[in-house]
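Colleague: Supplied in C-alpha cells, the structure appears directly below.
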Amino acid sequence: MSVGIVTDSTAYLPESVAQRLGIEVVPVQVISGGMAFDEVGGISVDEVSAALRANKQVTTSRPSPERFIETYQKLQAAGCDSIVSTHLSSGLSGTYESALLASKRMNIEVQVIDSYAIAMMLGFAVESGAAVAQAGGSIADVVTTIKRRCAAGSITFYVDSLEFLERGGRISPLKSRVGSALSVKPLLHMTNGKVEQKELVRTSAKALERLVEIASSAARIPSDIAVHHVAAEIRANQVAQELCEILGIPEITVTQAGAVVGAHVGPGAIAVVVSPQV
C-alpha cells in the first residue's frame, strides 16, 4: 500500500523537505488589489507587507475543491491507493472544508485532517506523517502520527502592531486604540484551532523576552523548533539565538512566514513553533 501526503502552503515546509518526502502542497490564495494570487509563487510576504503599510486591503481565500481533486488524482495516478490530507485550522480558513468536499469525489480513501494549527506547527506534523508513509506505514499509522504531533505542538506570536489585527476583525477598534496608546504588545497563541490573545506586554523588548520564556518552557522535552517572521529578520534571529543558548542546541531555523500569515498579523510579527517529538 502507498499513502499519499497532501498539505497546504501555510505549513511553510521547506521545498527540499516536501520534495524528499513526496509531500504535495496546495497553495492558499491571497487577495490583494482585487486580484487573487497563490501564496506559493504568486505573491511574496514582502509584497503583502508593502500593501498593508500602504493601507491596502489584503485578504485570504481557500483553494477550490477542484484544486484538491487535481492533486489527489495526481497522487492516485502515481500509484497511491490512499491519501492523508492535512490542513490549517478550520477556525482560520475554509481550506479544510474544500479538501473534505474534494475527498468525497474520489474513488480511493482520502482522510482529511483538521490540524487546528498553522505554520510549522502544522508542517512538523505533516513531515512526521510523510516519513511514516515513506517507511511503508499504513494510513492509520500516518493519521495517528500527524494528529499526535498537531495536538502536542504550540505556536506563539509576537505582533508588532495591533492595527492589522483590527483590520482583520480579530480585535475591536477600541481595544486597538487603547493598546496603541499604552504601547502594549500582544502575544497570541493557538487555542482550540483559533488565534487568541495570550498576554499583553508593555514594550517590544519585554514582549520578545516573554516570547522566549514561553517557547523555552514548552521545549523542555525534545522538540522541533522553528522561528517565523514577517519582515523582521533581525529580531527573529535574536529570538532564535536566545532560544539556542537557553536550550543548549546549536541551531534553530529562521524562516520568513508566508503571505497568508503576513496578511493577518502584519509586518514585524514573529512566531515561535515548538513541536515535541512525541
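Labeling convention for the C-alpha cells: chains A, B, ... as they appear, residues from 1 per chain, ligands from 1 in order of appearance.
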Write out as a PyMOL selection string the residues lying within 8 Å of Ser204 of chain A, counting only C-alpha atoms and excluding same-chain residues fewer than 3 positions away.

Modeller: chain A and resi 160+185+201+207-208

Colleague: Counting only C-alpha atoms, what is within 12 Å of Ala205 of chain A, bar same-chain residues fewer than 2 positions away, as an mmCIF file with C-alpha atoms, in the first residue's frame?

Modeller:
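The new file selection.cif reads:
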data_model
loop_
_atom_site.group_PDB
_atom_site.id
_atom_site.type_symbol
_atom_site.label_atom_id
_atom_site.label_comp_id
_atom_site.auth_asym_id
_atom_site.auth_seq_id
_atom_site.Cartn_x
_atom_site.Cartn_y
_atom_site.Cartn_z
ATOM 1 C CA TYR A 158 4.556 38.410 18.892
ATOM 2 C CA ASP A 160 4.357 44.430 16.441
ATOM 3 C CA SER A 183 2.356 50.858 23.820
ATOM 4 C CA VAL A 184 1.040 47.379 24.554
ATOM 5 C CA LYS A 185 2.377 44.482 22.517
ATOM 6 C CA VAL A 201 3.111 43.043 27.494
ATOM 7 C CA ARG A 202 4.444 46.575 27.765
ATOM 8 C CA THR A 203 7.141 47.368 25.163
ATOM 9 C CA ALA A 207 7.256 41.079 24.783
ATOM 10 C CA LEU A 208 10.093 39.381 22.906
ATOM 11 C CA GLU A 209 11.707 38.390 26.199
ATOM 12 C CA ARG A 210 8.418 36.833 27.271
ATOM 13 C CA LEU A 211 8.087 35.072 23.895
ATOM 14 C CA VAL A 212 11.455 33.390 24.501
ATOM 15 C CA ARG A 235 14.585 40.319 15.678
ATOM 16 C CA GLN A 238 17.848 37.300 18.042
ATOM 17 C CA VAL A 239 14.936 35.225 19.346
#

Colleague: Residues within 12 Å of Glu70 of chain A, please, as a ChimeraX atom specification. Count only C-alpha atoms; anything in the same chain fewer than 6 positions from it doesn't count.

Modeller: /A:6,24-26,63-64,76-77,99,102-103,105-106

Colleague: Please list as a VMD selection string every residue within 10 Å of segment 259-268 of chain A, counting only C-alpha atoms and excluding residues in the same chain fewer than 5 positions away.

Modeller: chain A and resid 9 to 10 27 to 32 37 to 40 42 to 53 57 to 61 118 to 119 157 to 170 188 228 to 233 235 to 236

Colleague: Pick out each residue of segment 21-177 of chain A that DSSP on the backbone tags as strand (DSSP E or B); I need them as an MDAnalysis selection string.

Modeller: chainID A and resid 23:26 29:32 35:38 58:61 82:87 109:114 154:158

Colleague: Just the selected residues (N, CA and C atoms), exported as an mmCIF file, in the first residue's frame, please.

Modeller:
data_model
loop_
_atom_site.group_PDB
_atom_site.id
_atom_site.type_symbol
_atom_site.label_atom_id
_atom_site.label_comp_id
_atom_site.auth_asym_id
_atom_site.auth_seq_id
_atom_site.Cartn_x
_atom_site.Cartn_y
_atom_site.Cartn_z
ATOM 1 N N ILE A 23 5.687 15.182 -0.502
ATOM 2 C CA ILE A 23 4.509 15.883 0.016
ATOM 3 C C ILE A 23 3.983 16.852 -1.038
ATOM 4 N N GLU A 24 2.715 16.742 -1.366
ATOM 5 C CA GLU A 24 2.076 17.673 -2.295
ATOM 6 C C GLU A 24 1.531 18.867 -1.510
ATOM 7 N N VAL A 25 1.842 20.064 -1.983
ATOM 8 C CA VAL A 25 1.452 21.290 -1.291
ATOM 9 C C VAL A 25 0.475 22.082 -2.158
ATOM 10 N N VAL A 26 -0.742 22.277 -1.650
ATOM 11 C CA VAL A 26 -1.769 23.040 -2.370
ATOM 12 C C VAL A 26 -1.742 24.476 -1.852
ATOM 13 N N GLN A 29 -4.750 31.045 -1.223
ATOM 14 C CA GLN A 29 -4.662 32.267 -2.025
ATOM 15 C C GLN A 29 -4.704 33.521 -1.157
ATOM 16 N N VAL A 30 -4.071 34.561 -1.670
ATOM 17 C CA VAL A 30 -4.074 35.881 -1.051
ATOM 18 C C VAL A 30 -4.712 36.849 -2.042
ATOM 19 N N ILE A 31 -5.650 37.661 -1.567
ATOM 20 C CA ILE A 31 -6.340 38.634 -2.409
ATOM 21 C C ILE A 31 -5.781 40.009 -2.093
ATOM 22 N N SER A 32 -5.153 40.637 -3.069
ATOM 23 C CA SER A 32 -4.576 41.968 -2.893
ATOM 24 C C SER A 32 -4.877 42.806 -4.132
ATOM 25 N N MET A 35 -7.056 41.240 -6.848
ATOM 26 C CA MET A 35 -6.543 40.118 -7.622
ATOM 27 C C MET A 35 -6.151 38.973 -6.695
ATOM 28 N N ALA A 36 -6.374 37.748 -7.151
ATOM 29 C CA ALA A 36 -6.046 36.561 -6.364
ATOM 30 C C ALA A 36 -4.677 36.026 -6.771
ATOM 31 N N PHE A 37 -3.852 35.719 -5.780
ATOM 32 C CA PHE A 37 -2.513 35.180 -6.011
ATOM 33 C C PHE A 37 -2.332 33.917 -5.174
ATOM 34 N N ASP A 38 -1.641 32.931 -5.734
ATOM 35 C CA ASP A 38 -1.233 31.783 -4.939
ATOM 36 C C ASP A 38 -0.193 32.226 -3.928
ATOM 37 N N VAL A 58 -5.923 43.540 2.178
ATOM 38 C CA VAL A 58 -5.357 42.237 1.830
ATOM 39 C C VAL A 58 -6.141 41.172 2.589
ATOM 40 N N THR A 59 -6.676 40.198 1.862
ATOM 41 C CA THR A 59 -7.424 39.117 2.486
ATOM 42 C C THR A 59 -6.898 37.780 1.967
ATOM 43 N N THR A 60 -7.450 36.700 2.487
ATOM 44 C CA THR A 60 -7.032 35.373 2.041
ATOM 45 C C THR A 60 -8.243 34.567 1.582
ATOM 46 N N SER A 61 -7.979 33.533 0.788
ATOM 47 C CA SER A 61 -9.057 32.719 0.231
ATOM 48 C C SER A 61 -8.610 31.269 0.154
ATOM 49 N N SER A 82 -4.246 5.394 -1.163
ATOM 50 C CA SER A 82 -4.922 6.159 -0.123
ATOM 51 C C SER A 82 -4.158 7.467 0.059
ATOM 52 N N ILE A 83 -4.826 8.447 0.674
ATOM 53 C CA ILE A 83 -4.238 9.782 0.815
ATOM 54 C C ILE A 83 -4.590 10.337 2.188
ATOM 55 N N VAL A 84 -3.618 11.024 2.806
ATOM 56 C CA VAL A 84 -3.875 11.796 4.018
ATOM 57 C C VAL A 84 -3.632 13.261 3.683
ATOM 58 N N SER A 85 -4.653 14.076 3.891
ATOM 59 C CA SER A 85 -4.621 15.485 3.503
ATOM 60 C C SER A 85 -4.826 16.322 4.770
ATOM 61 N N THR A 86 -3.777 17.048 5.192
ATOM 62 C CA THR A 86 -3.783 17.747 6.480
ATOM 63 C C THR A 86 -3.644 19.252 6.260
ATOM 64 N N HIS A 87 -4.523 20.035 6.918
ATOM 65 C CA HIS A 87 -4.585 21.462 6.578
ATOM 66 C C HIS A 87 -4.713 22.367 7.792
ATOM 67 N N GLU A 109 -9.537 6.026 -0.765
ATOM 68 C CA GLU A 109 -9.703 6.587 0.578
ATOM 69 C C GLU A 109 -8.858 7.844 0.739
ATOM 70 N N VAL A 110 -9.514 8.931 1.177
ATOM 71 C CA VAL A 110 -8.812 10.175 1.484
ATOM 72 C C VAL A 110 -9.222 10.603 2.891
ATOM 73 N N GLN A 111 -8.266 10.578 3.796
ATOM 74 C CA GLN A 111 -8.505 11.041 5.156
ATOM 75 C C GLN A 111 -8.089 12.512 5.238
ATOM 76 N N VAL A 112 -9.038 13.385 5.592
ATOM 77 C CA VAL A 112 -8.751 14.812 5.699
ATOM 78 C C VAL A 112 -8.672 15.184 7.175
ATOM 79 N N ILE A 113 -7.575 15.806 7.570
ATOM 80 C CA ILE A 113 -7.329 16.142 8.972
ATOM 81 C C ILE A 113 -7.359 17.649 9.169
ATOM 82 N N ASP A 114 -8.143 18.078 10.132
ATOM 83 C CA ASP A 114 -8.104 19.469 10.595
ATOM 84 C C ASP A 114 -7.003 19.540 11.645
ATOM 85 N N SER A 154 2.734 23.756 19.659
ATOM 86 C CA SER A 154 2.248 25.085 20.046
ATOM 87 C C SER A 154 2.883 26.135 19.146
ATOM 88 N N ILE A 155 2.204 27.260 19.016
ATOM 89 C CA ILE A 155 2.759 28.400 18.312
ATOM 90 C C ILE A 155 2.376 29.661 19.075
ATOM 91 N N THR A 156 3.352 30.514 19.296
ATOM 92 C CA THR A 156 3.131 31.780 19.997
ATOM 93 C C THR A 156 3.609 32.910 19.101
ATOM 94 N N PHE A 157 2.752 33.917 18.943
ATOM 95 C CA PHE A 157 3.046 35.049 18.074
ATOM 96 C C PHE A 157 3.336 36.305 18.882
ATOM 97 N N TYR A 158 4.369 37.019 18.481
ATOM 98 C CA TYR A 158 4.556 38.410 18.892
ATOM 99 C C TYR A 158 4.061 39.269 17.740
#

Colleague: Between atom CA of Leu75 of chain A and atom CA of Gly41 of chain A, what is the distance in Å, rounded to a tenth?

Modeller: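 Answer for the atom CA of Leu75 of chain A to atom CA of Gly41 of chain A separation: 21.6 Å.
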
Colleague: Just the helix (DSSP H, G or I) stuff from segment 110-277 of chain A, please, per backbone DSSP, written as a ChimeraX atom specification.

Modeller: /A:120-134,139-152,163-167,173-181,204-218,233-247,259-265
